[in-house]
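K.L.:
The structure that follows is given in the form of structure tokens.
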Amino acid sequence: MRSISLLIVVLYFGSIAYAQNTIGIPNITNFFKQNYKAGRQNWDIAQDSRGIMYFANNNGLLTFDGSFWRTYPIPNATIVRSLAIDKNNRIYVGGQQEFGYFYPNDHGELVYTSLKQLIKDSDYADVWTIQIVQDHIFFHAHRKIFDYYNGTIKAFNSTFWSFLGYANNEVLAYNAENGLVYYKNGQWVPRVKKGSFPNGTLLKSVIDLGNDSLLLTSVSKGLFILKGNVVTNFETPDIKEMAAKNIFGARLLPHSTIAFNTNLGGCILMNKNGKFIQQLTKNEGIQTNNVQNLFLDKDQNLWLALDNGIDLVSYNNAIKNIFPEPTDRNSGYTSLVHNNTLYLGVATGLYKTELPLNDGDISYAKSAFSLVENTKGQVWNISEVNGEVLMGHSLGAYIIKDNKAILLDNKNGFWGFLPLHDSLFSSVMIAGTYNGINFFNYANNRFSTLFESRFESARFIVKHKNLIWAIHPYKGVYIVSFDGKNAPVVTNYNDKNKFLSQNHNHLYSIAGRMVLASDNGIFEFDDAINDFKPSAFLKKVFGDIQIEYMKEDKAGNIWFCSHKRVGVAERTGENYRLVYIPELDDKITVNGFENINIIDSNNVLIAAEKGFFHVNYARYKKSKYPLTTLIRNVQVSSRKEDLIFGGYALSAANEAKQAIEYAANSLHFECSAIIYGQQYNTAYSFYLKGFDRGWSDWSQKTEKYYTNLPPGKYVFQVKSRTNVDNESPMASFSFTILPPWYRTWWAYTLYALALFALLYWFYKRQQHKYRKREALKLAQQKQRYAEQQKQLQMQHELQMGKREKEIIELKNEKLQADIENKNSQLASAAMNLVRKMEIFSKIKDDLSAFKNNEETKAASREFQKIIRLIDSELDVTQEWEQFTEHFDQVHSNFLKKLKEQWPDLTATELKMAAYLRLNLTSKEIAHLMSISIRGVETGRYRLRKKLGLTSNEASLYDFLISITG
């Protein structure tokens, strides 16, 4: 029973030893199928000479350049199981009853060429492995191995080929008939005696260990060493346990490390002696423990092809993660190394682990973290004062002893601890609390409370010249001094110069200076003026960078945080050089809880959003990976289907042919920096030569658009950087925007011909015009002569006409005179007639009166006769007719026209109109018509009415004048 118990204990502790990983875990980047948008399973990995990554995926060939994923299917959309890349960047792939290669066409786009037609026998299934040896390309399926050489394929049959590999200049394979064989002179020759491997051995891979030794892996039988012709088992307790995880393959890593991919245990790292180094499983951050394949890229990053996804392990990076919690990954806040014990404070408690007794990189320490008893909850600080480890906790102050937290003070939450005196032993310790500063006495290896100074939360405390300065991020600065009884006295700092900002105010002790950092700048305390002033020293170091955290190391370097970035102001003599660590951008603990613990140049612990980062800064400064920037896609931005350049190398001749039609003058460029695991820290700058005035500002945009480019020759250039001192060479793409058809050479030729034709036509036209002008001149001369003759004739005729006109005018004047004379005669005749009628009327009246006299009644008969004679004289009918005839002759048939236009006019009204036309007075008209003057007015009214004249219109005389003009 004791032996069984002892065995159980041994196995238990052996299991624990195997399970203990290094505390530092490389940064692992997970790429889910939702990221690369292809199949779930990945089978193989390769990298071309430019650094682009390729993956054998269920959906086809999957590529990744650090920014963009692309999938290239093969015929029948079959699964790609294997791939390999030759020296010319030809990408060979193997799938289900299909194999061939991808190679770029004239547009730089990958195009697939099948080699299946070169073989007659199709009795094979999946192609699991491709091995390129010089000019031979071997394709491995379970029943066949194909050798593609010089355009022909030779097939080698077997009931079962379990693996194909290449190591130490040998192409090795394993089959059921002959065991381990190698390729020689076109044949497979046995490499070792048949039966050198245990029955049921299923070999999967081979790697070269050096010293003519090869390491062979099997799925479940463990590892074997082949040296010469002898096969030996390679067994250690760690290898034996790993064999139970189903080993699928192995890769040789730097520093004599071997990485094994397993079906059940993730990725396991061992040294060449078979001793466990590290295991990467789901607990460490990979997506699944079923790792199909491994690949080490040119920057020593380890890629994992998983049964569900792709993972990138930054294996060779000087930055690692430390997660003290077994499952959760809460934010880190504080760290301390004390007596070879590492303490890490997180949001859930204080964790500790033992460190080896050496001065190396502690991230390689194989140990496990454990929770310190009584520390559950928020840990703000872990400090060492007088050799004692103190913990600032949300529940109080604690002393850590023997893996247990002992309560010191639970009245407040505690931020941190400082010795009051700068010596190895300080009798007084100060502690920042939620309510101010507490003072503790230290005697007989014990801390005891002296007094409390309550004013405000004191998370940031600096000692300067026997004073204690405390600052609240947004409430101000407090100064704690001591009175005669050594009791603390608190005063508020008078910010008369407005150095403090509304938030982000912090105090630090840097290079012997008390430094105030705020949104308004960096200031240092000047004892001469007893106040802060702008710091010329730190202004020279940081410029205008806003500093949120500062910590000085033993070498005088200043570690700092700014806008979620971590950097180092490296000191060289009196000068400083800023170096950023872009891998940590936006991953550290922020909002005033930044924490950097510089143990030495090999060990820097930085509090992170998830656990802690360990930075081997000495190694980090040496590991500058060269950057390569590639132009990965060029296409017409308005028509995504119009590809111009697919991202793969073009020959100089093909690139010179990149002529783009004017209708496609809006272009979209995609670029990528070939550095993996840092794509979020990479910035790009663009320049289109021939269009832009200069390089664009640095940004994380990997795409660039140009619209409506004018015709001309252009060179698109791009560069990238991960740090101010790590910039890539420039990548360029030359192209020409062709002019529109109306600006081409043949269009200009047509324009020239059209211009020549126009000039010729113009010449002919001018010639014709000249001839026409000469003829016109002659015609004009003749015309002028004729016109002169005509003018002379016209002058003559004008003279004759003038004379005739004068004669006519004289005749008209004579006629007018005759008219006026006749008018005068008519008027005179009318007047005579009036006088005649007046006289005769008067005579008649007198005779009538005399007749009625008694004395003359006897002679009445004679009087009656005289009266009749007078009446006959008063009858003017005959005179009226004569008057009418003469009147119409003088006045252009006035009465006739009047009668035609107004036929209803009576004879009396015609007379009235004629008399009015002669402008006779009413009295004169009354005598002529033998009516009263009132009768004349009545007649005038009736005449106006018949003529259609109203009282507001022209006078009756003017109207009658207008009838004959």
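Going through the structure tokens in order, the chains are called A, B, and so on, while each chain numbers its residues from 1 and the ligands are numbered from 1 in the order shown.
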Would you kindly return, as a PyMOL selection string, each protein, DNA or RNA residue with an atom no farther than 10 Å from any atom of Ile631 in chain A, considering only C-alpha atoms and excluding same-chain residues fewer than 4 positions away?
P.N.:
chain A and resi 645-649+669-673+702-703+716-719+731-733
K.L.:
If we count only C-alpha atoms and set the cut-off at 12 Å, which residues sit around Asn59 in chain A, ignoring sequence neighbours fewer than 5 positions away in its own chain? Please answer as a list in words.
P.N.:
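What passes the distance filter is Lys33, Tyr36, Lys37, Ala38, Gly39, Arg40, Gln41, Asn42, Trp43, Arg70, Thr71, Tyr72, Pro73, Ile74, Pro75, Asn76, Ala77, Thr78, Ile79, Val80, Arg81, Gly95 and Gln96 of chain A.
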K.L.:
Got a sec: who's within 7 Å of range 270-278 of chain A, counting only C-alpha atoms, leaving out chain neighbours fewer than 6 positions off, as a list in words?
P.N.:
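Counting only C-alpha atoms, the residues come to Tyr18, Asn21, Thr22, Thr236, Asp238, Ile239, Ser256, Thr257, Ile258 and Ala259 of chain A.
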K.L.:
Could you write those residues out with C-alpha atoms, as an mmCIF file, in the first residue's frame?
P.N.:
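The resulting file, again_11.cif, is shown below:
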```cif
data_model
loop_
_atom_site.group_PDB
_atom_site.id
_atom_site.type_symbol
_atom_site.label_atom_id
_atom_site.label_comp_id
_atom_site.auth_asym_id
_atom_site.auth_seq_id
_atom_site.Cartn_x
_atom_site.Cartn_y
_atom_site.Cartn_z
ATOM 1 C CA TYR A 18 4.359 18.755 -16.335
ATOM 2 C CA ASN A 21 3.862 26.279 -17.429
ATOM 3 C CA THR A 22 6.165 29.231 -17.586
ATOM 4 C CA THR A 236 11.415 10.995 -21.038
ATOM 5 C CA ASP A 238 7.407 14.483 -20.319
ATOM 6 C CA ILE A 239 7.588 12.859 -23.787
ATOM 7 C CA SER A 256 17.037 24.427 -29.315
ATOM 8 C CA THR A 257 13.311 24.339 -28.637
ATOM 9 C CA ILE A 258 10.938 21.921 -30.347
ATOM 10 C CA ALA A 259 7.234 22.648 -30.740
#
```
K.L.:
Set the distance at 8 Å and use only C-alpha atoms: which residues neighbour Asn293 in chain A once local chain neighbours fewer than 6 positions away are removed? I'd like the list as a ChimeraX atom specification.
P.N.:
/A:43-45,248-249,261,304-306
K.L.:
In terms of the shortest atom-to-atom distance over only C-alpha atoms, which of A:Gln679, A:Gln795, A:Ala528, A:Lys622 is closest to Asp585 in chain A?
P.N.:
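Of A:Gln679, A:Gln795, A:Ala528, A:Lys622, the one nearest Asp585 in chain A, counting only C-alpha atoms, is A:Gln679.
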K.L.:
Could you tell me which of A:Ser213, A:Ser394, A:Ser720, A:Gln47 comes closest to Phe234 in chain A if we count only C-alpha atoms?
P.N.:
A:Ser213
